[in-house]
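*Asks:* Hey, dropping structure-v6.cif in here, mmCIF, C-alpha atoms:
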```
data_run
#
loop_
_atom_site.label_atom_id
_atom_site.label_comp_id
_atom_site.auth_asym_id
_atom_site.auth_seq_id
_atom_site.Cartn_x
_atom_site.Cartn_y
_atom_site.Cartn_z
CA MET A 793 93.02 69.14 -9.07
CA SER A 794 91.64 65.84 -10.25
CA GLY A 795 93.43 62.55 -10.41
CA GLU A 796 92.74 59.72 -12.80
CA THR A 797 91.07 56.58 -11.54
CA SER A 798 91.42 53.17 -13.13
CA HIS A 799 88.76 52.73 -15.78
CA GLN A 800 88.31 49.20 -14.59
CA GLU A 801 87.27 50.20 -11.09
CA HIS A 802 83.56 50.05 -10.36
CA ILE A 803 81.29 51.08 -7.53
CA GLY A 804 78.16 49.00 -7.93
CA PRO A 805 77.13 49.37 -11.60
CA TYR A 806 79.08 52.64 -11.99
CA ARG A 807 82.48 52.87 -13.67
CA LEU A 808 84.78 55.41 -12.02
CA LEU A 809 86.47 57.86 -14.38
CA SER A 810 88.37 60.44 -12.35
CA ARG A 811 88.66 61.94 -8.89
CA LEU A 812 87.08 65.35 -8.28
CA GLY A 813 88.71 67.73 -5.80
CA ASP A 814 91.57 67.06 -3.41
CA GLY A 815 90.85 64.00 -1.31
CA THR A 816 87.13 64.72 -1.06
CA GLY A 817 86.06 61.18 -1.90
CA VAL A 818 84.07 62.37 -4.94
CA HIS A 819 84.54 60.68 -8.31
CA ARG A 820 83.21 61.37 -11.73
CA ALA A 821 81.69 58.19 -13.12
CA THR A 822 79.43 56.82 -15.80
CA GLY A 823 76.31 54.76 -15.20
CA PRO A 824 75.10 51.68 -17.08
CA ASP A 825 72.91 53.95 -19.24
CA GLY A 826 75.86 56.18 -20.13
CA ARG A 827 74.77 59.01 -17.85
CA ASP A 828 77.50 61.24 -16.44
CA VAL A 829 77.31 61.12 -12.63
CA ALA A 830 79.21 62.07 -9.50
CA ILE A 831 79.76 59.48 -6.76
CA ARG A 832 80.65 60.42 -3.20
CA LEU A 833 82.24 57.56 -1.29
CA LEU A 834 81.27 57.53 2.39
CA PRO A 835 82.92 56.04 5.48
CA PRO A 836 82.17 52.34 6.09
CA GLY A 837 78.78 51.87 7.72
CA ALA A 838 77.52 55.39 6.91
CA ALA A 839 73.74 55.31 6.50
CA PRO A 840 72.36 58.38 4.74
CA ASP A 841 68.66 58.29 3.89
CA ILE A 842 68.91 57.76 0.12
CA GLU A 843 65.15 57.73 -0.38
CA ARG A 844 64.72 61.14 1.23
CA MET A 845 67.74 62.49 -0.63
CA GLN A 846 66.10 61.43 -3.90
CA ALA A 847 62.99 63.36 -2.83
CA VAL A 848 64.93 66.66 -2.82
CA LEU A 849 63.59 68.30 -5.97
CA SER A 850 65.05 71.68 -6.87
CA PRO A 851 66.97 73.12 -9.83
CA TYR A 852 69.40 74.46 -7.20
CA ALA A 853 70.17 71.08 -5.60
CA ALA A 854 71.99 68.24 -7.32
CA ASP A 855 69.61 65.36 -8.11
CA VAL A 856 70.42 62.24 -6.09
CA LEU A 857 69.99 59.29 -8.43
CA ASP A 858 71.12 56.23 -6.49
CA GLY A 859 73.19 55.02 -3.58
CA GLU A 860 73.99 52.29 -1.08
CA SER A 861 73.58 52.92 2.62
CA GLY A 862 74.90 51.12 5.70
CA VAL A 863 77.13 48.72 3.72
CA ARG A 864 80.89 48.16 3.74
CA ARG A 865 81.38 50.64 0.93
CA PRO A 866 78.46 53.10 1.05
CA TYR A 867 78.10 55.77 -1.60
CA VAL A 868 75.72 58.38 -2.99
CA VAL A 869 75.22 58.94 -6.71
CA SER A 870 74.07 62.32 -8.02
CA ARG A 871 73.97 63.94 -11.41
CA PHE A 872 77.28 65.41 -12.43
CA VAL A 873 77.25 69.20 -12.00
CA PRO A 874 79.77 70.88 -14.35
CA GLY A 875 80.38 73.83 -12.04
CA ARG A 876 83.10 75.30 -9.84
CA PRO A 877 82.97 75.79 -6.06
CA LEU A 878 81.68 79.16 -4.94
CA GLY A 879 84.88 79.69 -2.94
CA ALA A 880 87.02 79.35 -6.08
CA VAL A 881 84.73 81.64 -8.09
CA VAL A 882 84.88 84.40 -5.45
CA ALA A 883 88.65 83.99 -5.06
CA GLU A 884 89.22 84.42 -8.81
CA GLN A 885 86.49 86.88 -9.79
CA GLY A 886 85.98 88.81 -6.58
CA PRO A 887 82.83 89.36 -4.48
CA MET A 888 79.45 89.29 -6.19
CA SER A 889 76.88 92.06 -6.39
CA GLY A 890 73.59 92.96 -8.05
CA ASP A 891 71.70 90.27 -9.95
CA ALA A 892 74.56 87.77 -9.61
CA LEU A 893 74.45 87.97 -5.82
CA ARG A 894 70.65 87.87 -5.79
CA LEU A 895 70.69 84.64 -7.83
CA ILE A 896 73.11 83.06 -5.36
CA ALA A 897 71.00 84.14 -2.36
CA VAL A 898 67.68 83.00 -3.86
CA GLY A 899 69.03 79.73 -5.25
CA LEU A 900 70.66 78.69 -1.97
CA ALA A 901 67.48 79.52 -0.03
CA LYS A 902 65.31 77.49 -2.42
CA ALA A 903 67.73 74.57 -2.28
CA LEU A 904 67.61 74.55 1.53
CA ALA A 905 63.81 74.73 1.44
CA ALA A 906 63.74 71.65 -0.80
CA VAL A 907 66.20 69.79 1.45
CA HIS A 908 64.15 70.59 4.56
CA ARG A 909 60.87 69.61 2.84
CA ALA A 910 62.38 66.17 2.37
CA GLY A 911 62.95 65.92 6.11
CA LEU A 912 66.71 66.39 5.84
CA ALA A 913 69.25 69.06 6.76
CA HIS A 914 72.44 69.93 4.94
CA GLY A 915 74.75 70.47 7.89
CA GLU A 916 77.77 71.51 5.80
CA LEU A 917 76.51 74.33 3.59
CA GLY A 918 79.39 76.58 2.60
CA PRO A 919 81.46 77.81 -0.37
CA GLU A 920 82.84 74.32 -1.03
CA THR A 921 79.44 72.57 -1.14
CA VAL A 922 77.97 75.14 -3.54
CA LEU A 923 78.87 74.78 -7.21
CA VAL A 924 78.29 77.69 -9.58
CA VAL A 925 76.95 76.82 -13.06
CA ASP A 926 76.33 79.73 -15.43
CA GLY A 927 76.00 82.03 -12.45
CA ALA A 928 73.45 79.85 -10.64
CA PRO A 929 74.22 77.89 -7.46
CA VAL A 930 73.79 74.13 -7.19
CA VAL A 931 74.01 72.69 -3.68
CA VAL A 932 75.72 69.31 -3.29
CA ASP A 933 76.42 66.90 -0.42
CA PHE A 934 73.23 67.57 1.49
CA GLY A 935 71.84 65.09 4.01
CA LEU A 936 75.25 63.60 4.87
CA ALA A 937 76.04 65.34 8.16
CA VAL A 938 74.95 63.48 11.28
CA GLY A 939 72.93 65.38 13.89
CA ALA A 940 72.46 68.51 11.76
CA HIS A 941 69.39 70.72 12.25
CA GLY A 942 67.51 73.18 10.09
CA PRO A 943 68.37 76.41 11.96
CA GLY A 944 72.06 75.65 11.50
CA ASP A 945 71.50 75.54 7.74
CA VAL A 946 69.77 78.93 7.87
CA HIS A 947 72.77 80.37 9.75
CA ALA A 948 75.08 78.80 7.17
CA TRP A 949 73.01 80.46 4.41
CA ALA A 950 73.73 83.86 5.99
CA ALA A 951 77.45 83.09 6.24
CA THR A 952 77.67 81.76 2.67
CA VAL A 953 75.79 84.72 1.16
CA THR A 954 77.97 87.11 3.19
CA PHE A 955 81.02 85.36 1.77
CA ALA A 956 79.66 85.64 -1.79
CA ALA A 957 79.01 89.37 -1.26
CA THR A 958 82.26 90.31 0.47
CA GLY A 959 84.79 87.48 0.28
CA ARG A 960 84.57 87.10 4.07
CA PHE A 961 82.25 85.38 6.51
CA GLU A 962 82.12 88.10 9.17
CA VAL A 963 81.85 91.75 8.16
CA PRO A 964 80.29 94.93 9.55
CA ALA A 965 76.61 95.17 8.72
CA ASP A 966 77.08 98.15 6.41
CA ALA A 967 79.51 96.15 4.26
CA LEU A 968 76.55 94.18 2.90
CA PRO A 969 74.05 95.54 0.38
CA ALA A 970 71.26 97.29 2.28
CA ASP A 971 68.64 94.91 0.88
CA LEU A 972 70.45 91.89 2.31
CA ARG A 973 71.19 93.22 5.78
CA PRO A 974 67.85 92.50 7.53
CA LEU A 975 67.61 88.95 6.16
CA VAL A 976 71.23 88.08 6.94
CA ALA A 977 70.86 89.53 10.44
CA ALA A 978 67.72 87.49 11.10
CA ASP A 979 69.30 84.28 9.80
CA ALA A 980 72.47 84.80 11.83
CA ASP A 981 70.56 85.48 15.07
CA PRO A 982 72.45 83.97 18.05
CA ASP A 983 69.19 82.34 19.17
CA PRO A 984 68.52 79.50 16.68
CA ALA A 985 64.82 79.50 17.56
CA ALA A 986 64.55 83.12 16.39
CA ARG A 987 65.79 82.34 12.87
CA PRO A 988 63.22 81.93 10.07
CA ASP A 989 62.74 78.45 8.68
CA ALA A 990 63.95 77.63 5.17
CA GLU A 991 60.54 78.12 3.56
CA ARG A 992 60.20 81.65 4.92
CA LEU A 993 63.82 82.31 4.01
CA ALA A 994 63.14 81.27 0.39
CA GLU A 995 60.07 83.51 0.18
CA ALA A 996 61.95 86.48 1.63
CA ALA A 997 64.97 85.93 -0.60
CA SER A 998 62.74 85.84 -3.69
CA ARG A 999 61.64 89.40 -2.92
CA LEU A 1000 65.20 90.75 -2.67
CA GLU A 1001 66.52 93.55 -4.85
CA VAL A 1002 70.28 93.55 -4.34
CA ARG A 1003 72.10 96.83 -4.94
CA PRO A 1004 75.87 97.26 -4.49
CA ALA A 1005 77.41 98.09 -1.11
CA ARG A 1006 80.83 99.47 -0.23
CA ALA A 1007 83.79 97.19 -0.79
CA VAL A 1008 85.44 95.31 2.08
CA PRO A 1009 89.20 95.95 1.96
CA ALA A 1010 90.61 92.99 3.85
CA PRO A 1011 91.42 89.78 1.94
CA ALA A 1012 89.34 86.68 2.45
CA PRO A 1013 90.60 84.23 5.09
CA PRO A 1014 90.99 80.55 4.27
CA VAL A 1015 87.61 79.16 3.21
CA ALA A 1016 87.84 75.82 4.99
CA GLU A 1017 88.68 77.31 8.39
CA GLU A 1018 85.90 79.92 8.31
CA ALA A 1019 83.35 77.55 6.76
CA ALA A 1020 83.84 75.10 9.61
CA ARG A 1021 82.77 77.81 12.06
CA ALA A 1022 79.94 79.07 9.86
CA VAL A 1023 78.11 75.77 9.61
CA ALA A 1024 78.01 75.00 13.33
CA SER A 1025 74.39 74.22 14.22
CA ALA A 1026 72.37 74.07 17.40
CA PRO A 1027 69.87 71.30 18.35
CA VAL A 1028 66.58 73.19 18.12
CA ARG A 1029 63.47 72.88 15.98
CA GLU A 1030 63.13 69.84 13.77
CA PRO A 1031 63.18 70.12 9.96
CA VAL A 1032 59.94 70.27 8.01
CA GLN A 1033 58.07 67.06 8.66
CA ALA A 1034 57.65 64.25 6.16
CA GLN A 1035 53.89 64.93 6.05
CA GLU A 1036 54.56 68.32 4.51
CA LEU A 1037 56.76 66.73 1.90
CA ALA A 1038 54.00 64.23 1.11
CA VAL A 1039 51.49 67.07 0.65
CA ALA A 1040 53.84 68.94 -1.69
CA GLN A 1041 54.52 65.79 -3.67
CA GLY A 1042 50.79 65.13 -3.90
CA TRP A 1043 50.18 68.57 -5.39
CA ALA A 1044 53.08 68.12 -7.80
CA ARG A 1045 51.64 64.79 -8.98
CA LEU A 1046 48.17 66.31 -9.39
CA LEU A 1047 49.48 69.24 -11.45
CA ALA A 1048 51.58 66.87 -13.57
CA ALA A 1049 48.53 64.65 -14.15
CA THR A 1050 46.56 67.73 -15.22
CA VAL A 1051 49.19 68.52 -17.85
CA VAL A 1052 48.92 64.94 -19.15
CA VAL A 1053 45.11 65.29 -19.38
CA ILE A 1054 45.56 68.49 -21.39
CA GLY A 1055 48.04 66.79 -23.70
CA VAL A 1056 45.75 63.81 -24.31
CA GLY A 1057 42.77 66.13 -24.91
CA VAL A 1058 44.72 68.12 -27.49
CA ALA A 1059 45.71 64.87 -29.22
CA VAL A 1060 42.05 63.84 -29.44
CA MET A 1061 40.98 67.22 -30.88
CA MET A 1062 43.97 67.53 -33.24
CA PRO A 1063 45.47 64.05 -33.63
CA ILE A 1064 48.40 64.86 -35.91
CA ALA A 1065 49.44 68.13 -34.28
CA GLY A 1066 48.74 66.74 -30.81
CA LEU A 1067 50.90 63.66 -31.28
CA LEU A 1068 53.75 65.72 -32.71
CA LEU A 1069 53.56 68.20 -29.82
CA THR A 1070 53.52 65.31 -27.36
CA LEU A 1071 56.61 63.77 -28.94
CA VAL A 1072 58.46 67.08 -28.69
CA ALA A 1073 57.32 67.71 -25.12
CA VAL A 1074 58.27 64.30 -23.71
CA THR A 1075 61.64 64.40 -25.49
CA LEU A 1076 62.44 67.84 -24.06
CA LEU A 1077 61.44 66.69 -20.58
CA ARG A 1078 63.75 63.70 -20.87
CA THR A 1079 66.68 65.79 -22.14
CA ALA A 1080 66.15 68.23 -19.26
CA MET A 1081 67.16 65.42 -16.90
CA SER A 1082 70.70 65.30 -18.31
CA ASP A 1083 73.55 67.75 -18.89
CA THR A 1084 75.59 65.62 -21.30
CA VAL A 1085 75.47 64.63 -24.95
CA ALA A 1086 75.30 60.98 -23.91
CA GLY A 1087 72.31 61.78 -21.70
CA TRP A 1088 70.54 63.59 -24.53
CA ALA A 1089 71.17 60.68 -26.87
CA TRP A 1090 69.74 58.36 -24.22
CA ALA A 1091 66.65 60.59 -23.95
CA LEU A 1092 66.09 60.56 -27.71
CA GLY A 1093 66.57 56.81 -27.77
CA ARG A 1094 64.04 56.27 -24.97
CA THR A 1095 61.47 58.35 -26.82
CA ALA A 1096 62.16 56.46 -30.04
CA LEU A 1097 61.64 53.14 -28.24
CA THR A 1098 58.32 54.39 -26.90
CA VAL A 1099 56.97 55.36 -30.34
CA PRO A 1100 56.15 51.76 -31.49
CA TYR A 1101 54.42 51.18 -28.13
CA ALA A 1102 52.29 54.30 -28.68
CA ALA A 1103 51.69 53.51 -32.37
CA ALA A 1104 50.37 50.06 -31.53
CA LEU A 1105 47.77 51.50 -29.16
CA THR A 1106 46.93 54.30 -31.61
CA VAL A 1107 45.97 51.62 -34.16
CA ALA A 1108 44.42 49.15 -31.71
CA VAL A 1109 41.91 51.57 -30.15
CA PRO A 1110 40.08 52.47 -33.43
CA LEU A 1111 40.06 48.81 -34.44
CA GLY A 1112 38.64 47.86 -31.05
CA LEU A 1113 35.93 50.52 -31.28
CA ALA A 1114 35.05 49.38 -34.79
CA ALA A 1115 34.78 45.80 -33.57
CA ALA A 1116 32.60 46.94 -30.68
CA SER A 1117 30.13 48.43 -33.15
CA VAL A 1118 29.21 44.90 -34.20
CA ILE A 1119 27.71 44.32 -30.73
CA GLY A 1120 25.65 47.46 -31.01
CA GLY A 1121 25.81 51.20 -31.40
CA GLU A 1122 27.21 53.54 -33.99
CA ILE A 1123 30.89 54.42 -33.85
CA ASP A 1124 31.97 57.65 -35.52
CA SER A 1125 34.94 56.79 -37.72
CA LEU A 1126 36.90 59.98 -37.16
CA GLY A 1127 36.08 59.92 -33.48
CA ALA A 1128 37.47 56.38 -33.20
CA CYS A 1129 40.72 57.45 -34.87
CA ALA A 1130 40.95 60.53 -32.66
CA PHE A 1131 40.56 58.46 -29.50
CA GLY A 1132 43.31 56.22 -30.83
CA ALA A 1133 45.56 59.26 -31.13
CA GLY A 1134 44.66 60.23 -27.57
CA ALA A 1135 45.58 56.74 -26.37
CA GLY A 1136 48.91 57.00 -28.17
CA ALA A 1137 49.60 60.38 -26.55
CA ALA A 1138 48.78 58.92 -23.14
CA VAL A 1139 51.37 56.18 -23.71
CA LEU A 1140 54.03 58.75 -24.64
CA TRP A 1141 53.28 60.72 -21.49
CA THR A 1142 52.82 57.98 -18.95
CA ALA A 1143 52.24 54.25 -19.22
CA PRO A 1144 53.70 51.10 -17.65
CA GLY A 1145 57.42 51.41 -18.21
CA VAL A 1146 57.13 55.04 -19.38
CA SER A 1147 57.46 57.35 -16.40
CA ALA A 1148 60.38 59.74 -17.02
CA PRO A 1149 58.33 62.60 -18.57
CA ARG A 1150 55.79 62.48 -15.74
CA ARG A 1151 58.54 62.41 -13.09
CA GLN A 1152 60.23 65.42 -14.66
CA LEU A 1153 56.92 67.29 -14.67
CA GLU A 1154 56.58 66.50 -10.96
CA ARG A 1155 60.09 67.82 -10.32
CA MET A 1156 59.20 71.06 -12.08
CA PHE A 1157 55.97 71.48 -10.13
CA MET A 1158 57.72 70.80 -6.80
CA ALA A 1159 59.12 74.32 -7.20
CA VAL A 1160 55.61 75.74 -6.63
CA ALA A 1161 54.03 72.93 -4.62
CA GLY A 1162 55.32 74.27 -1.31
CA ASN A 1163 53.65 77.67 -1.71
CA PRO A 1164 49.84 77.76 -1.33
CA ARG A 1165 49.46 80.85 -3.51
CA HIS A 1166 51.49 79.34 -6.31
CA ILE A 1167 49.55 76.08 -6.04
CA ALA A 1168 46.26 77.97 -6.29
CA VAL A 1169 47.32 79.90 -9.40
CA ALA A 1170 48.78 76.85 -11.15
CA GLY A 1171 45.85 74.64 -10.13
CA VAL A 1172 43.19 77.05 -11.40
CA ALA A 1173 45.01 77.75 -14.68
CA LEU A 1174 45.72 74.10 -15.45
CA GLY A 1175 42.30 73.00 -14.22
CA VAL A 1176 40.53 75.37 -16.62
CA LEU A 1177 42.72 74.21 -19.51
CA ALA A 1178 42.09 70.55 -18.61
CA LEU A 1179 38.32 71.13 -18.48
CA LEU A 1180 38.38 72.82 -21.89
CA ALA A 1181 40.51 69.98 -23.28
CA VAL A 1182 38.11 67.31 -22.01
CA VAL A 1183 35.00 69.16 -23.24
CA GLY A 1184 36.62 69.77 -26.62
CA ALA A 1185 37.72 66.17 -26.95
CA MET A 1186 34.22 64.89 -26.25
CA SER A 1187 32.26 67.41 -28.34
CA LEU A 1188 34.35 68.79 -31.19
CA THR A 1189 34.93 67.13 -34.55
CA PRO A 1190 38.59 66.14 -34.63
CA SER A 1191 40.83 67.93 -37.10
CA PHE A 1192 43.59 65.98 -38.80
CA ALA A 1193 45.16 69.15 -40.21
CA PRO A 1194 47.36 69.49 -42.11
CA MET A 1195 46.99 65.88 -43.35
CA TYR A 1196 43.42 66.05 -44.62
CA GLY A 1197 44.10 63.24 -47.10
CA LEU A 1198 44.97 60.97 -44.18
CA GLN A 1199 41.73 62.01 -42.49
CA SER A 1200 39.68 60.84 -45.49
CA SER A 1201 41.66 57.60 -45.78
CA LEU A 1202 41.20 56.74 -42.11
CA GLU A 1203 37.50 57.46 -42.26
CA ARG A 1204 37.02 55.25 -45.32
CA SER A 1205 39.12 52.46 -43.80
CA ILE A 1206 37.17 52.37 -40.53
CA ASP A 1207 33.85 52.50 -42.43
CA ARG A 1208 34.89 49.55 -44.62
CA LEU A 1209 35.96 47.60 -41.55
CA GLN A 1210 32.67 48.26 -39.81
CA ASN A 1211 30.71 47.21 -42.92
CA ALA A 1212 32.74 44.04 -43.26
CA MET A 1213 32.10 43.14 -39.64
CA ASP A 1214 28.39 43.87 -39.99
CA ARG A 1215 28.12 41.54 -43.03
CA GLY A 1216 30.11 38.89 -41.21
#
```
Any chance you could give the structure as structure tokens?

*Replies:*
Amino acid sequence: MSGETSHQEHIGPYRLLSRLGDGTGVHRATGPDGRDVAIRLLPPGAAPDIERMQAVLSPYAADVLDGESGVRRPYVVSRFVPGRPLGAVVAEQGPMSGDALRLIAVGLAKALAAVHRAGLAHGELGPETVLVVDGAPVVVDFGLAVGAHGPGDVHAWAATVTFAATGRFEVPADALPADLRPLVAADADPDPAARPDAERLAEAASRLEVRPARAVPAPAPPVAEEAARAVASAPVREPVQAQELAVAQGWARLLAATVVVIGVGVAVMMPIAGLLLTLVAVTLLRTAMSDTVAGWAWALGRTALTVPYAAALTVAVPLGLAAASVIGGEIDSLGACAFGAGAGAAVLWTAPGVSAPRRQLERMFMAVAGNPRHIAVAGVALGVLALLAVVGAMSLTPSFAPMYGLQSSLERSIDRLQNAMDRG
């Protein structure tokens, strides 16, 4: 149940709205930009690594947006996840099977891989720290447990998936779907050093085909009591090192930059269509960062505020090139206008003060950046497209379709400007 919180109470710049759960210290709140968020209040002096928590990039882990660490009233701010705890879902709807169970298993494994890539561990993974949204899991409250280690998270994955499949944490092996048994057995190995790491777990889980197993007759025991035993971890191998996270982030930035190059190249070749496509793309990327109507309105507003910025550069570049022709050299009128459109597209994608679309692209590419094969495929495909976009932008005559009248007007205007400057 949730209890109301005074609308006048604030934590930093966030206004608390209501309490989530029973005494969990989590509040629903709104940020200064109107975004719907969840705030977990921590014990005085708690010092979670907010920067590393913000580096956890996965659709199956709640985005950490902000926080204060090591202060009198520390807290962590994450996006609000409109889901229900896995424990409540299983209690009401019964154990999962088939594609629903596979999605839980794969999503939890990928979330743990992202947490470990950031140099963190969860430490408390269980049915109450997994929210289910449209059948997909979203892991919350990672990186808060002190002294947690990666192998303990892998063991907790096995216990949580077993619970999702059967409603219990400990069952005979044949009570699980046959496809799950080897992976669960490996992850629950009594020797923590023998368990696979989270990256290998995510790869193995992605290959699962989950078919139904026989039902387990006994009712599920209390979730909190069993979860406490399931998440016990042993001090063994360290989580994935920060260097690996830096490499993955570097690949994600490179792939995102390649997409921007493609977008700018398309805008140069087809200025009208390219600018419209860019506007749609950056708006969709911004709206993907929010789950609320207020967040979507904020995304549309941010894009609208960027349009004058982009329009100014779209006009300034052709004028600058026309002015440069006075010093020497011939400037193609349509080419000058096309490069102006490319400059405007670049502003919409990424410019000083305009970084949200690029950051969201990086978040999306982090899903493949940890897998060398996926990086190779994405890198080759995007690299070829970027090369074609650059070659086309430099060699093809730009097309202002479907606004051919605008094309003629721009060409005449730039020619008149050049002639006026030449006479001057």

*Asks:* State, in Å with one decimal place, the distance from CA of Ala1059 in chain A to CA of Ala1137 in chain A.

*Replies:*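 Computing the Euclidean distance for CA of Ala1059 in chain A and CA of Ala1137 in chain A yields 6.5 Å.
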
*Asks:* Can you spell out as a compact mmCIF listing (two decimals) with C-alpha atoms, in the coordinates of the input the set of residues that the PyMOL selection byres ((chain A and resi 1177) around 12) selects in the structure I just provided?

*Replies:*
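Listed below is the output, selection02.txt:
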```
# COMPACT_ATOMS: atom_id res chain seq x y z
CA LEU A 1047 49.48 69.24 -11.45
CA THR A 1050 46.56 67.73 -15.22
CA VAL A 1051 49.19 68.52 -17.85
CA VAL A 1052 48.92 64.94 -19.15
CA VAL A 1053 45.11 65.29 -19.38
CA ILE A 1054 45.56 68.49 -21.39
CA GLY A 1055 48.04 66.79 -23.70
CA VAL A 1056 45.75 63.81 -24.31
CA GLY A 1057 42.77 66.13 -24.91
CA VAL A 1058 44.72 68.12 -27.49
CA ALA A 1170 48.78 76.85 -11.15
CA GLY A 1171 45.85 74.64 -10.13
CA VAL A 1172 43.19 77.05 -11.40
CA ALA A 1173 45.01 77.75 -14.68
CA LEU A 1174 45.72 74.10 -15.45
CA GLY A 1175 42.30 73.00 -14.22
CA VAL A 1176 40.53 75.37 -16.62
CA ALA A 1178 42.09 70.55 -18.61
CA LEU A 1179 38.32 71.13 -18.48
CA LEU A 1180 38.38 72.82 -21.89
CA ALA A 1181 40.51 69.98 -23.28
CA VAL A 1182 38.11 67.31 -22.01
CA VAL A 1183 35.00 69.16 -23.24
CA GLY A 1184 36.62 69.77 -26.62
```

*Asks:* To one decimal place in Å, what is the distance between CA of Val1099 in chain A and CA of Val1139 in chain A?

*Replies:*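 Between CA of Val1099 in chain A and CA of Val1139 in chain A the gap is 8.7 Å.
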
*Asks:* Report as a PyMOL selection string the full result of the PyMOL selection byres ((chain A and resi 1157-1167) around 10) when it is applied to this structure.

*Replies:* chain A and resi 847-851+902-903+905-906+909+991+995+1036-1037+1039-1048+1151-1156+1168-1173

*Asks:* Quick one: residues within 9 Å of Ile842 in chain A, all atoms listed in the file, excluding same-chain residues fewer than 2 positions away - as a PDB file with C-alpha atoms, in the frame of the given file?

*Replies:*
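Saved to around04.pdb:
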```
ATOM      1  CA  ALA A 839      73.740  55.310   6.500  1.00  0.00           C
ATOM      2  CA  PRO A 840      72.360  58.380   4.740  1.00  0.00           C
ATOM      3  CA  ARG A 844      64.720  61.140   1.230  1.00  0.00           C
ATOM      4  CA  MET A 845      67.740  62.490  -0.630  1.00  0.00           C
ATOM      5  CA  GLN A 846      66.100  61.430  -3.900  1.00  0.00           C
ATOM      6  CA  ALA A 847      62.990  63.360  -2.830  1.00  0.00           C
ATOM      7  CA  VAL A 856      70.420  62.240  -6.090  1.00  0.00           C
ATOM      8  CA  LEU A 857      69.990  59.290  -8.430  1.00  0.00           C
ATOM      9  CA  ASP A 858      71.120  56.230  -6.490  1.00  0.00           C
ATOM     10  CA  GLY A 859      73.190  55.020  -3.580  1.00  0.00           C
ATOM     11  CA  GLU A 860      73.990  52.290  -1.080  1.00  0.00           C
ATOM     12  CA  SER A 861      73.580  52.920   2.620  1.00  0.00           C
ATOM     13  CA  VAL A 868      75.720  58.380  -2.990  1.00  0.00           C
ATOM     14  CA  GLY A 935      71.840  65.090   4.010  1.00  0.00           C
TER      15      GLY A 935
END
```

*Asks:* So what does the PyMOL selection byres ((chain A and resi 891) around 12) actually pick up in this one, as a PDB file with C-alpha atoms, in the coordinates of the input?

*Replies:*
```pdb
ATOM      1  CA  MET A 888      79.450  89.290  -6.190  1.00  0.00           C
ATOM      2  CA  SER A 889      76.880  92.060  -6.390  1.00  0.00           C
ATOM      3  CA  GLY A 890      73.590  92.960  -8.050  1.00  0.00           C
ATOM      4  CA  ALA A 892      74.560  87.770  -9.610  1.00  0.00           C
ATOM      5  CA  LEU A 893      74.450  87.970  -5.820  1.00  0.00           C
ATOM      6  CA  ARG A 894      70.650  87.870  -5.790  1.00  0.00           C
ATOM      7  CA  LEU A 895      70.690  84.640  -7.830  1.00  0.00           C
ATOM      8  CA  ILE A 896      73.110  83.060  -5.360  1.00  0.00           C
ATOM      9  CA  ALA A 897      71.000  84.140  -2.360  1.00  0.00           C
ATOM     10  CA  VAL A 898      67.680  83.000  -3.860  1.00  0.00           C
ATOM     11  CA  GLY A 899      69.030  79.730  -5.250  1.00  0.00           C
ATOM     12  CA  GLY A 927      76.000  82.030 -12.450  1.00  0.00           C
ATOM     13  CA  ALA A 928      73.450  79.850 -10.640  1.00  0.00           C
ATOM     14  CA  ALA A 957      79.010  89.370  -1.260  1.00  0.00           C
ATOM     15  CA  PRO A 969      74.050  95.540   0.380  1.00  0.00           C
ATOM     16  CA  SER A 998      62.740  85.840  -3.690  1.00  0.00           C
ATOM     17  CA  LEU A1000      65.200  90.750  -2.670  1.00  0.00           C
ATOM     18  CA  GLU A1001      66.520  93.550  -4.850  1.00  0.00           C
ATOM     19  CA  VAL A1002      70.280  93.550  -4.340  1.00  0.00           C
ATOM     20  CA  ARG A1003      72.100  96.830  -4.940  1.00  0.00           C
ATOM     21  CA  PRO A1004      75.870  97.260  -4.490  1.00  0.00           C
TER      22      PRO A1004
END
```

*Asks:* In Å, with one decimal, what is the gap from CA of Phe1192 in chain A to CA of Pro1063 in chain A?

*Replies:*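 These atoms are spaced 5.8 Å apart.
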
*Asks:* Near Asp945 in chain A, counting all atoms listed in the file, which residues have an atom at most 8 Å away, once you skip same-chain residues fewer than 2 positions from it, shown as a ChimeraX atom specification?

*Replies:* /A:904,913-917,941-943,947-949,1023,1025

*Asks:* Could you take the residues named above and write them with C-alpha atoms, as a compact mmCIF listing (two decimals), in the frame of the given file?

*Replies:*
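So the final result, stored in part-v2.txt, reads:
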```
# COMPACT_ATOMS: atom_id res chain seq x y z
CA LEU A 904 67.61 74.55 1.53
CA ALA A 913 69.25 69.06 6.76
CA HIS A 914 72.44 69.93 4.94
CA GLY A 915 74.75 70.47 7.89
CA GLU A 916 77.77 71.51 5.80
CA LEU A 917 76.51 74.33 3.59
CA HIS A 941 69.39 70.72 12.25
CA GLY A 942 67.51 73.18 10.09
CA PRO A 943 68.37 76.41 11.96
CA HIS A 947 72.77 80.37 9.75
CA ALA A 948 75.08 78.80 7.17
CA TRP A 949 73.01 80.46 4.41
CA VAL A 1023 78.11 75.77 9.61
CA SER A 1025 74.39 74.22 14.22
```

*Asks:* Name the residues in contact with Ala951 in chain A at a cut-off of 9 Å, using only C-alpha atoms, excluding same-chain residues fewer than 2 positions from it; report them as a PyMOL selection string.

*Replies:* chain A and resi 918+946-949+953-956+960-962+976+979-980+1019+1022-1023

*Asks:* Tell me which protein, DNA and RNA residues are within 9 Å of Val963 in chain A, counting only C-alpha atoms, leaving out same-chain ones fewer than 4 positions away, and put them as a PDB file with C-alpha atoms, in the frame of the given file.

*Replies:*
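What ended up in result-v6.pdb:
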```pdb
ATOM      1  CA  THR A 954      77.970  87.110   3.190  1.00  0.00           C
ATOM      2  CA  THR A 958      82.260  90.310   0.470  1.00  0.00           C
ATOM      3  CA  ALA A 967      79.510  96.150   4.260  1.00  0.00           C
ATOM      4  CA  LEU A 968      76.550  94.180   2.900  1.00  0.00           C
ATOM      5  CA  VAL A1008      85.440  95.310   2.080  1.00  0.00           C
TER       6      VAL A1008
END
```
